[in-house]
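Visitor: After the structure tokens below, expect a handful of questions from me.
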Amino acid sequence: MMVEAESYWLTNAHVPSCLLNLAHLPQPSREGLCLVNLKISQGNIEQVTIANSIKPDVAYLDLQQQIVLPCLIDVHTHLDKGHIWERSPNPDGTFDMALSQGNSDREKYWQPEDVYRRLEFGLKCSYAHGTQAIRTHIDSSGKQANISLEVFQSLQSAWRDKITLQAVSLVSLDYYQTQAGVALADKIAEIGGILGGVGWQNPDLETQLDNIFTLAKERNLDLDFHTDENGDPNSLCLQKIAQTAIKHDFSNQITCGHCCSLAVQSADVVNKTIELVKQAKIAVVSLPMCNLYLQDRQQGKTPHWRGVTRVQELQQQGVPVAFASDNCRDPFFGFGDHDVLEVFEQAVRIAHLDAPYGDWITSVTTTPAGIMNLPLGKIIPGNAADLIIFPARYFSELLARSQHNRIVIRQGKQINPDLPDYRELDDLLTRS
Ligand SMILES: [Zn+2]
């Protein structure tokens, strides 16, 4: 197979211009795609040139305008919850039911083997689809922290050469006001993780935020919050987080996921919040598939809002916006396959990112790489040849037809594209 050679060219590849660093960019297409040649050598991208400017000196594969992207990045997931749907479904599809089903599943089943095998299943899907880095939130209350973080660490090391993994502690913010919460912050610092939690609108919110920002500062940690995952116009956690960050002069990375309520607030509130978010240098992660599933869910009623935050307005003001998977086949989202291309496709359709596409592809490449502090997401000489070749020439082709037959290249070599069989987990799901 061509893409097994030590040295070869991929010619006439369509690459979004925002992912290239060419001194003289070729004229991009209407959708911002540039036609380039890529030389792959010893597992790395050795050269990127304008198509037709260099005659390939070694074997080459003419892609005839097929799109090539760097391997994608999934910056907000819950791998520890994944694939429990068959034993803990969500019978009415609501957020409250998701919480209670998720909690009872954890209490009943989340021993090391169960967590390990489901987490690994998610990694196998991600890798086959072409994901190279994942940040996962890990339910970290009480004894579960030690079980799940230990499993996480062993998979982080076993998968080191395939997927870069980061863990975020997930508890409600008041947990950090307890001894156990301080111990959790110490544990997160010890394993090189990110301090995180769910912020709820409540009378103690400011105290809770002061507390977690102090813990993060003392330990030099980044922060990653679940913020305003609801349609309540009075839910202002994002604004409060931004104000707290400014007050603490916090200089590490802050990420806020969801921020759904921003979409149902008045223009004055939205403008004020976005201004503060920008000033506090907060990155926003939107989870379009999970939001579409859970927000505005009422039994027997047709939903009429899409659940996603104001990604266009945030991006227009220069706030970094990324999209990610969130949950996968669990009570918070009954579908999903850890495919970041599906996330992007859904984001484009739900949030109207196609008119124009602009640089939106950065929302699943360079922007999440920046959030994770990883030098990934671009197609530039010196980077590893971790690439995806799609059977599509334009965004319309890419996002119209299933891309299950994409070619994933890791360190210059094509990988096995097989997804894990659902039956691998059957014994876990039928245990009582
Ligand atoms: Zn989440």
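Residue numbers start at 1 in each chain; chains themselves are named A, B, ... in the order of the structure tokens; ligands are numbered from 1 in the order shown.
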How close does chain A get to ligand 1? List, as JSON lines, each residue of chain A within 7 Å, its nearest atom pair and the distance in Å to one decimal, counting only C-alpha atoms and all ligand atoms.
Guide:
```
{"residue": "A:His76", "atom": "CA", "partner": "ligand 1", "partner_atom_place_in_ligand_line": "1 (Zn)", "distance": 6.2}
{"residue": "A:Thr77", "atom": "CA", "partner": "ligand 1", "partner_atom_place_in_ligand_line": "1 (Zn)", "distance": 6.1}
{"residue": "A:His78", "atom": "CA", "partner": "ligand 1", "partner_atom_place_in_ligand_line": "1 (Zn)", "distance": 6.3}
{"residue": "A:His137", "atom": "CA", "partner": "ligand 1", "partner_atom_place_in_ligand_line": "1 (Zn)", "distance": 6.9}
{"residue": "A:His226", "atom": "CA", "partner": "ligand 1", "partner_atom_place_in_ligand_line": "1 (Zn)", "distance": 6.3}
{"residue": "A:Gly257", "atom": "CA", "partner": "ligand 1", "partner_atom_place_in_ligand_line": "1 (Zn)", "distance": 6.9}
{"residue": "A:Asp326", "atom": "CA", "partner": "ligand 1", "partner_atom_place_in_ligand_line": "1 (Zn)", "distance": 5.0}
{"residue": "A:Asn327", "atom": "CA", "partner": "ligand 1", "partner_atom_place_in_ligand_line": "1 (Zn)", "distance": 6.6}
```
Visitor: Leaving out region 349-362 of chain A and any residue of its chain fewer than 3 positions from it, which residues lie within 9 Å of it when counting only C-alpha atoms, given as a short mmCIF file (atom, residue, chain, number, x, y, z; two decimals) with N, CA and C atoms, in the first residue's frame?
Guide:
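Once written, part-v8.cif looks like this:
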```
data_model
loop_
_atom_site.label_atom_id
_atom_site.label_comp_id
_atom_site.auth_asym_id
_atom_site.auth_seq_id
_atom_site.Cartn_x
_atom_site.Cartn_y
_atom_site.Cartn_z
N PRO A 16 -7.42 23.27 4.30
CA PRO A 16 -7.88 24.61 4.67
C PRO A 16 -6.69 25.55 4.88
N SER A 17 -6.76 26.75 4.30
CA SER A 17 -5.60 27.65 4.34
C SER A 17 -5.23 28.03 5.77
N CYS A 18 -6.22 28.05 6.70
CA CYS A 18 -5.92 28.42 8.09
C CYS A 18 -5.10 27.36 8.82
N LEU A 19 -4.92 26.19 8.21
CA LEU A 19 -4.11 25.15 8.85
C LEU A 19 -2.73 25.03 8.22
N ARG A 30 -13.34 28.96 -2.90
CA ARG A 30 -14.45 29.68 -2.26
C ARG A 30 -14.60 29.28 -0.79
N GLU A 31 -14.26 28.01 -0.48
CA GLU A 31 -14.41 27.53 0.90
C GLU A 31 -13.11 27.65 1.69
N GLY A 32 -12.11 28.34 1.13
CA GLY A 32 -10.85 28.54 1.86
C GLY A 32 -9.91 27.36 1.79
N PRO A 288 -22.33 20.45 20.72
CA PRO A 288 -23.59 20.60 19.98
C PRO A 288 -24.50 19.37 20.00
N MET A 289 -23.93 18.20 19.99
CA MET A 289 -24.79 17.01 19.90
C MET A 289 -25.50 16.75 21.22
N LEU A 292 -28.17 19.50 21.79
CA LEU A 292 -29.35 19.28 20.96
C LEU A 292 -30.24 18.20 21.57
N ARG A 306 -32.02 25.10 19.79
CA ARG A 306 -31.03 24.10 19.44
C ARG A 306 -30.06 23.76 20.56
N VAL A 308 -27.33 25.08 21.64
CA VAL A 308 -25.92 25.51 21.62
C VAL A 308 -25.80 26.98 22.05
N THR A 309 -24.60 27.32 22.54
CA THR A 309 -24.33 28.69 22.95
C THR A 309 -24.11 29.59 21.74
N ARG A 310 -23.88 30.88 21.99
CA ARG A 310 -23.73 31.84 20.90
C ARG A 310 -22.31 31.78 20.32
N VAL A 311 -22.04 30.69 19.61
CA VAL A 311 -20.68 30.48 19.09
C VAL A 311 -20.27 31.55 18.09
N GLN A 312 -21.20 32.01 17.28
CA GLN A 312 -20.85 33.01 16.26
C GLN A 312 -20.44 34.33 16.93
N VAL A 321 -13.25 29.43 20.28
CA VAL A 321 -14.40 28.52 20.36
C VAL A 321 -14.02 27.16 19.78
N ALA A 322 -14.23 26.12 20.55
CA ALA A 322 -13.98 24.75 20.08
C ALA A 322 -15.28 23.95 20.19
N PHE A 344 -18.07 18.12 14.11
CA PHE A 344 -17.94 19.30 13.26
C PHE A 344 -19.12 19.41 12.30
N GLU A 345 -19.49 18.28 11.71
CA GLU A 345 -20.62 18.27 10.77
C GLU A 345 -21.90 18.75 11.47
N GLN A 346 -22.15 18.26 12.67
CA GLN A 346 -23.34 18.67 13.42
C GLN A 346 -23.26 20.14 13.81
N THR A 365 -9.37 21.68 15.54
CA THR A 365 -7.94 21.44 15.27
C THR A 365 -7.08 22.36 16.15
N THR A 366 -6.74 23.54 15.63
CA THR A 366 -5.78 24.39 16.37
C THR A 366 -6.36 24.97 17.66
N THR A 367 -7.66 25.30 17.68
CA THR A 367 -8.22 25.90 18.91
C THR A 367 -8.20 24.91 20.08
N PRO A 368 -8.75 23.69 19.90
CA PRO A 368 -8.64 22.75 21.03
C PRO A 368 -7.18 22.39 21.36
N GLY A 377 -2.43 20.40 15.29
CA GLY A 377 -3.57 20.97 14.60
C GLY A 377 -3.26 21.65 13.28
N PHE A 395 -16.04 21.05 1.23
CA PHE A 395 -16.77 20.89 2.49
C PHE A 395 -18.15 20.28 2.27
#
```
Visitor: Give me every helix (DSSP H, G or I) residue in region 116-357 of chain A, going by DSSP on the backbone, as an MDAnalysis selection string.
Guide: chainID A and resid 116:129 144:158 173:177 179:190 205:219 237:247 260:264 267:279 288:294 311:316 340:351
Visitor: Show me, as a short mmCIF file (atom, residue, chain, number, x, y, z; two decimals) with C-alpha atoms, in the first residue's frame, the residues that have an atom within 6 Å of Ala13 (chain A) when counting only C-alpha atoms, minus same-chain residues fewer than 3 positions from it.
Guide:
```cif
data_model
loop_
_atom_site.label_atom_id
_atom_site.label_comp_id
_atom_site.auth_asym_id
_atom_site.auth_seq_id
_atom_site.Cartn_x
_atom_site.Cartn_y
_atom_site.Cartn_z
CA LEU A 35 -4.28 22.88 -3.26
CA VAL A 36 -0.91 21.68 -1.91
CA LEU A 63 -5.30 12.92 -4.26
CA GLN A 65 -8.32 17.53 -4.59
CA GLN A 66 -9.33 15.22 -1.76
CA ILE A 67 -9.38 17.02 1.60
#
```
Visitor: Please provide as a CSV table (one decimal) with C-alpha atoms, in the first residue's frame all residues within 12 Å of Gln64 (chain A), with the sequence filter that same-chain residues fewer than 2 positions apart are discarded (counting only C-alpha atoms).
Guide:
```
chain,number,residue,atom,x,y,z
A,10,LEU,CA,0.6,13.3,-1.3
A,11,THR,CA,-0.1,15.6,-4.2
A,12,ASN,CA,-3.0,17.9,-5.0
A,13,ALA,CA,-4.4,17.8,-1.5
A,14,HIS,CA,-7.1,20.3,-0.5
A,35,LEU,CA,-4.3,22.9,-3.3
A,36,VAL,CA,-0.9,21.7,-1.9
A,37,ASN,CA,1.6,18.8,-2.1
A,51,ALA,CA,0.6,22.0,-5.9
A,52,ASN,CA,2.4,21.7,-9.2
A,60,TYR,CA,3.4,9.9,-4.8
A,61,LEU,CA,-0.3,9.5,-4.5
A,62,ASP,CA,-2.3,12.0,-6.5
A,66,GLN,CA,-9.3,15.2,-1.8
A,67,ILE,CA,-9.4,17.0,1.6
A,68,VAL,CA,-6.5,16.3,4.0
A,389,ILE,CA,-7.4,11.8,3.9
A,390,PHE,CA,-11.2,12.1,3.2
A,391,PRO,CA,-13.0,10.8,0.1
A,392,ALA,CA,-14.3,14.3,-0.5
A,393,ARG,CA,-13.0,17.4,-2.3
A,394,TYR,CA,-15.1,20.2,-0.8
```
Visitor: Using only C-alpha atoms, pick whichever of A:Lys124, A:Lys278, A:Arg297, A:Arg87 has the shortest atom-to-atom distance to Asp337 (chain A).
Guide: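 Ranking A:Lys124, A:Lys278, A:Arg297, A:Arg87 by distance to Asp337 (chain A), first place goes to A:Lys124.
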Visitor: Using DSSP on the backbone coordinates, identify all residues within region 43-241 of chain A classified as strand (DSSP E); present the result as a PyMOL selection string.
Guide: chain A and resi 44-50+60-62+68-70+72-77+131-139+164-170+195-199+223-227
Visitor: When distances are computed from only C-alpha atoms, which of A:Ile40, A:Ala23, A:Ile194, A:Asn234 shows the smallest separation from Gly412 (chain A)?
Guide: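 Comparing A:Ile40, A:Ala23, A:Ile194, A:Asn234 against Gly412 (chain A), the winner is A:Ile40.
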Visitor: Might you pull out every residue within 9 Å of Ile73 (chain A), with only C-alpha atoms counted and same-chain residues fewer than 3 positions away left off, and present them as a list in words?
Guide: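 Final neighbour list, sorted by chain and number: Gly130, Thr131, Gln132, Ala133, Ile134, Arg135, Ala324, Val340, Val364, Thr365, Thr366, Pro368, Ala369, Leu376 and Gly377 of chain A.
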Visitor: Would you mind reading off the distance between CA of Thr227 (chain A) and CA of His258 (chain A), one decimal, in Å?
Guide: 5.8 Å
